[in-house]
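This is final_39.txt (compact mmCIF, C-alpha atoms and all ligand atoms).
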# COMPACT_ATOMS: atom_id res chain seq x y z
CA MET A 11 20.05 -3.69 -7.58
CA ASN A 12 21.37 -6.37 -5.27
CA ASN A 13 20.07 -9.78 -6.27
CA GLN A 14 20.74 -11.05 -2.77
CA GLY A 15 18.06 -8.79 -1.36
CA LYS A 16 15.14 -10.13 0.59
CA PRO A 17 11.55 -10.30 -0.66
CA ALA A 18 9.03 -7.86 0.79
CA VAL A 19 5.29 -7.41 0.97
CA PHE A 20 4.24 -3.90 -0.05
CA LEU A 21 0.91 -2.91 1.40
CA ASP A 22 -1.35 -0.17 0.18
CA ARG A 23 -3.07 1.65 3.06
CA ASP A 24 -6.67 2.75 2.36
CA GLY A 25 -8.90 -0.16 1.39
CA VAL A 26 -6.30 -2.76 2.40
CA LEU A 27 -5.37 -2.05 6.04
CA ASN A 28 -7.97 0.57 6.93
CA ARG A 29 -11.46 1.16 5.60
CA GLU A 30 -11.69 3.17 2.39
CA ILE A 31 -13.80 6.25 3.19
CA GLY A 32 -12.20 8.79 0.84
CA TYR A 33 -9.89 11.44 2.29
CA ILE A 34 -9.78 10.95 6.06
CA LYS A 35 -10.12 14.39 7.62
CA LYS A 36 -10.74 13.25 11.22
CA LEU A 37 -8.11 11.02 12.79
CA GLU A 38 -10.64 8.83 14.59
CA ASP A 39 -12.30 7.98 11.26
CA LEU A 40 -9.30 5.80 10.37
CA THR A 41 -10.41 2.30 11.38
CA LEU A 42 -8.90 -1.07 10.55
CA ILE A 43 -10.49 -3.60 8.20
CA SER A 44 -11.42 -6.73 10.11
CA GLY A 45 -8.54 -9.23 10.19
CA ALA A 46 -5.97 -6.82 8.71
CA ALA A 47 -3.90 -6.44 11.90
CA LYS A 48 -3.73 -10.19 12.42
CA ALA A 49 -2.68 -10.68 8.79
CA VAL A 50 0.21 -8.22 9.22
CA ARG A 51 1.18 -9.98 12.45
CA ARG A 52 1.43 -13.28 10.56
CA LEU A 53 3.84 -11.65 8.08
CA ASN A 54 5.85 -10.27 11.02
CA GLU A 55 6.05 -13.70 12.63
CA ALA A 56 7.29 -15.20 9.35
CA ASN A 57 9.97 -12.49 9.22
CA ILE A 58 8.66 -11.08 5.96
CA PHE A 59 9.48 -7.40 5.47
CA CYS A 60 6.24 -5.35 5.53
CA CYS A 61 6.34 -1.99 3.83
CA LEU A 62 3.52 0.53 3.51
CA VAL A 63 3.37 2.29 0.13
CA THR A 64 0.58 4.82 -0.14
CA ASN A 65 -0.41 7.79 -2.29
CA GLN A 66 -1.55 10.54 0.07
CA ALA A 67 -2.48 13.58 -1.95
CA GLY A 68 -4.87 15.12 0.59
CA ALA A 69 -2.37 17.77 1.67
CA ALA A 70 -1.44 18.55 -1.94
CA ARG A 71 -5.17 19.00 -2.65
CA GLY A 72 -5.38 21.44 0.29
CA PHE A 73 -7.69 19.25 2.40
CA TYR A 74 -5.40 19.24 5.46
CA PRO A 75 -1.79 20.00 6.47
CA LEU A 76 0.93 17.45 5.70
CA GLU A 77 1.32 16.72 9.43
CA HIS A 78 -2.15 15.17 9.33
CA VAL A 79 -0.88 12.45 6.97
CA LEU A 80 1.85 11.62 9.51
CA ASP A 81 -0.76 11.56 12.29
CA LEU A 82 -2.94 9.18 10.24
CA ASN A 83 0.01 6.86 9.61
CA GLN A 84 0.84 6.94 13.33
CA ARG A 85 -2.76 6.08 14.22
CA LEU A 86 -2.60 3.19 11.74
CA CYS A 87 0.57 1.87 13.44
CA ASP A 88 -0.99 2.30 16.89
CA LEU A 89 -4.14 0.37 15.88
CA LEU A 90 -2.11 -2.45 14.29
CA GLU A 91 -0.04 -2.75 17.46
CA ALA A 92 -3.03 -2.56 19.80
CA GLU A 93 -5.15 -5.07 17.92
CA ALA A 94 -2.60 -7.78 17.14
CA GLY A 95 0.90 -6.64 18.12
CA ALA A 96 1.52 -6.09 14.39
CA LYS A 97 4.06 -3.67 12.93
CA LEU A 98 5.07 -2.17 9.62
CA ASP A 99 8.82 -2.36 9.01
CA ALA A 100 8.82 0.78 6.86
CA LEU A 101 6.35 3.40 5.72
CA TYR A 102 6.53 5.30 2.44
CA TYR A 103 3.95 7.79 1.25
CA CYS A 104 3.77 10.08 -1.74
CA ARG A 105 2.75 13.58 -0.72
CA TYR A 106 2.88 15.11 -4.21
CA LEU A 107 0.24 15.61 -6.87
CA SER A 108 0.62 17.29 -10.22
CA ALA A 109 -1.44 20.38 -11.02
CA PRO A 110 -3.43 18.65 -13.81
CA ALA A 111 -4.34 15.87 -11.34
CA GLY A 112 -5.62 18.41 -8.79
CA GLY A 113 -2.56 19.57 -6.82
CA LYS A 114 -3.15 23.01 -5.21
CA THR A 115 -0.71 23.47 -2.32
CA PRO A 116 2.30 25.05 -4.07
CA GLU A 117 5.11 23.15 -2.28
CA LEU A 118 3.37 19.79 -2.84
CA THR A 119 2.20 20.34 -6.38
CA ARG A 120 4.44 18.53 -8.77
CA TRP A 121 4.72 15.32 -10.71
CA SER A 122 6.56 12.66 -8.70
CA THR A 123 8.21 9.34 -9.47
CA TRP A 124 6.89 8.27 -6.05
CA ARG A 125 3.23 8.51 -6.99
CA LYS A 126 1.83 5.06 -7.75
CA PRO A 127 1.80 3.45 -10.28
CA ASN A 128 5.26 5.03 -10.66
CA THR A 129 7.87 2.89 -8.94
CA GLY A 130 9.79 5.47 -6.86
CA MET A 131 8.69 4.34 -3.41
CA LEU A 132 9.58 0.71 -4.14
CA VAL A 133 12.93 1.61 -5.65
CA ALA A 134 13.74 3.77 -2.60
CA ALA A 135 12.71 0.97 -0.22
CA ALA A 136 14.75 -1.58 -2.18
CA TRP A 137 17.91 0.52 -1.84
CA GLU A 138 17.30 1.41 1.79
CA TYR A 139 16.44 -2.10 3.02
CA ASN A 140 18.12 -4.35 0.44
CA LEU A 141 14.93 -5.77 -1.03
CA ASP A 142 14.48 -7.94 -4.10
CA LEU A 143 11.51 -6.40 -5.89
CA LYS A 144 11.13 -9.29 -8.33
CA ARG A 145 10.54 -11.69 -5.45
CA SER A 146 8.20 -9.24 -3.73
CA VAL A 147 4.43 -8.85 -3.65
CA VAL A 148 2.25 -5.74 -3.81
CA VAL A 149 -1.20 -5.89 -2.19
CA GLY A 150 -3.68 -3.19 -3.17
CA ASP A 151 -7.31 -2.43 -3.95
CA LYS A 152 -6.80 -0.29 -7.06
CA ALA A 153 -5.67 -0.97 -10.61
CA THR A 154 -2.78 1.43 -9.98
CA ASP A 155 -1.48 -0.87 -7.22
CA ILE A 156 -1.47 -3.80 -9.64
CA ASP A 157 0.16 -1.63 -12.32
CA LEU A 158 2.84 -0.78 -9.74
CA ALA A 159 3.50 -4.50 -9.17
CA ASN A 160 3.73 -5.07 -12.92
CA ASN A 161 6.05 -2.06 -13.31
CA VAL A 162 8.66 -3.56 -10.95
CA GLY A 163 8.18 -7.23 -11.88
CA ALA A 164 6.60 -8.07 -8.51
CA LYS A 165 3.46 -10.14 -8.00
CA GLY A 166 0.26 -8.12 -7.63
CA ILE A 167 -2.65 -9.11 -5.42
CA LEU A 168 -5.95 -7.28 -5.77
CA VAL A 169 -8.04 -7.38 -2.60
CA GLN A 170 -11.80 -6.98 -2.85
CA THR A 171 -11.98 -4.64 0.13
CA GLY A 172 -11.85 -0.90 -0.67
CA TYR A 173 -12.22 -0.31 -4.42
CA GLY A 174 -11.30 -3.91 -5.33
CA LYS A 175 -14.80 -5.02 -6.30
CA GLU A 176 -15.31 -1.97 -8.55
CA ILE A 177 -11.98 -2.64 -10.23
CA LEU A 178 -12.97 -6.24 -10.94
CA LYS A 179 -16.27 -5.12 -12.45
CA GLY A 180 -14.51 -2.50 -14.56
CA GLU A 181 -16.42 0.30 -12.83
CA TYR A 182 -13.43 2.25 -11.44
CA GLN A 183 -10.05 3.23 -12.97
CA HIS A 184 -9.31 0.49 -15.51
CA ARG A 185 -9.17 -3.27 -15.60
CA ALA A 186 -6.22 -4.70 -13.71
CA HIS A 187 -4.21 -7.86 -14.32
CA PRO A 188 -3.44 -9.19 -10.85
CA ASP A 189 -1.63 -12.45 -10.21
CA TYR A 190 -4.24 -13.23 -7.60
CA VAL A 191 -7.58 -11.82 -6.45
CA ALA A 192 -8.11 -12.11 -2.69
CA ALA A 193 -11.22 -11.39 -0.65
CA ASP A 194 -9.13 -9.39 1.82
CA LEU A 195 -5.66 -9.10 3.32
CA THR A 196 -6.12 -12.32 5.31
CA GLN A 197 -6.61 -14.29 2.11
CA ALA A 198 -3.81 -12.36 0.40
CA VAL A 199 -1.39 -13.43 3.16
CA ASP A 200 -2.49 -17.07 2.77
CA TRP A 201 -1.55 -16.79 -0.93
CA ILE A 202 1.76 -15.05 -0.13
CA PHE A 203 2.82 -17.87 2.21
CA GLY A 204 2.08 -20.45 -0.49
CA HIS A 205 3.83 -18.36 -3.16
CA MET A 206 6.96 -17.67 -1.09
CA LYS A 207 7.29 -21.33 -0.13
CA SER A 208 7.21 -22.42 -3.76
CA ALA A 209 9.36 -19.53 -5.11
MG MG A 301 -6.17 1.82 -1.66
Do you think you could lay out the structure here as structure tokens?
Ligand SMILES: [Mg+2]
Amino acid sequence: MNNQGKPAVFLDRDGVLNREIGYIKKLEDLTLISGAAKAVRRLNEANIFCCLVTNQAGAARGFYPLEHVLDLNQRLCDLLEAEAGAKLDALYYCRYLSAPAGGKTPELTRWSTWRKPNTGMLVAAAWEYNLDLKRSVVVGDKATDIDLANNVGAKGILVQTGYGKEILKGEYQHRAHPDYVAADLTQAVDWIFGHMKSA
């Protein structure tokens, strides 16, 4: 990997940018967390590469067609733009789920290196956009997001929106070892600016 690459901020979707409500079956039920759009806009203005990395197994579980995931991502981008003129520089999502984990739709049911906490989405983004993962930050609300950061040598920020509070209390998934615990994405971006200045 090219050491001259640029740092990036990898953002989980549900529970970080939009409200965590489980699998989102109706498009209009995707709504932004307060302050999230403005936080992304601040990253944009600082020229920091913003990349969505999200596990989206709803189609693999048979809850809706794969096109619905694309529609949800488009709605997310539209809301970010409308609320604060914010944009994501790249979007990656993992559509696959293994059969033991609950995959049902045949063409989407398989184990994947892209499914977090596996590192496939970040490795793909690093090659495609010349990113330096070790100087990058992952922001998420689950232990698996923090594991992902650890797996690539990036910094991991756990936000307390979404499942973040349950993770901290040890009531969901497993205990995580984040580099920083933020109330929300706004506070996470404050930390990122301080971290990137001193790095
Ligand atoms: Mg999440």
Can you tell me, as AutoDock Vina command-line options, the centre and edge lengths (Å, one decimal) of the axis-aligned box enclosing all of stretch 173-182 of chain A's listed atoms after padding each side by 4 Å?
--center_x -13.9 --center_y -2.0 --center_z -9.5 --size_x 13.1 --size_y 16.5 --size_z 18.1
Exercise for the section: May I have the protein, DNA and RNA residues with an atom at most 12 Å from (1.9, -2.6, 14.7), counting only C-alpha atoms in the file's coordinates, returned as a PyMOL selection string? Expected result: chain A and resi 27+42+46-54+60-62+83-101
Do you have, as a Markdown table, the list of residues of chain A lying at most 6 Å from ligand MG 301 (chain A), each with its nearest atom pair and that distance in Å to one decimal, counting only C-alpha atoms and all ligand atoms and ordered by chain then number?
| residue | atom | partner | partner_atom | distance |
| --- | --- | --- | --- | --- |
| A:Asp22 | CA | A:MG301 | MG | 5.5 |
| A:Arg23 | CA | A:MG301 | MG | 5.6 |
| A:Asp24 | CA | A:MG301 | MG | 4.2 |
| A:Gly25 | CA | A:MG301 | MG | 4.5 |
| A:Gly150 | CA | A:MG301 | MG | 5.8 |
| A:Asp151 | CA | A:MG301 | MG | 5.0 |
| A:Lys152 | CA | A:MG301 | MG | 5.8 |
Exercise for the section: Excluding stretch 67-70 of chain A and residues on its chain fewer than 6 positions from it, collect all residues at most 10 Å away from it, counting only C-alpha atoms, and give them as a list in words. Expected result: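 Here the qualifying residues turn out to be Gly32, Tyr33, Ile34, Lys35, Leu76, Glu77, His78, Val79, Tyr103, Cys104, Arg105, Tyr106, Leu107, Ser108, Ala109, Ala111, Gly112, Gly113, Lys114, Thr115, Pro116, Glu117, Leu118, Thr119, Arg120 and Arg125 of chain A.
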Handout entry: Among listed residues A:Val148, A:Val19, A:Lys126, A:His184, nearest A:Leu168 (using all atoms listed in the file)
Key =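 With all atoms listed in the file as the atom set, the closest residue is A:Val148.
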Handout entry: Residue among A:Thr123, A:Ala193, A:Val147, A:Gly45 lying closest to A:Thr171, counting all atoms listed in the file
Key =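 Result for the nearest residue to A:Thr171: A:Ala193.
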Practice task
Find the distance between atom CA of A:Ala136 and atom CA of A:Val63 and write it in Å to one decimal.
Solution key: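 These two atoms are separated by 12.2 Å.
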Exercise for the section: Find the distance between atom CA of A:Asn161 and atom CA of A:Pro127 and write it in Å to one decimal. Expected result: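 Going from atom CA of A:Asn161 over to atom CA of A:Pro127, I get 7.6 Å.
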Handout entry: 12 Å contact set for A:Glu138, only C-alpha atoms, chain neighbours under 3 positions out, as a PyMOL selection string
Key = chain A and resi 11-12+15-16+61+99-102+131-135+141-142
Exercise for the section: Using atom CA of A:Ser122 and atom CA of A:Gly180 as the two end points, give the distance in Å to one decimal. Expected result: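 Interatomic distance here is 26.6 Å.
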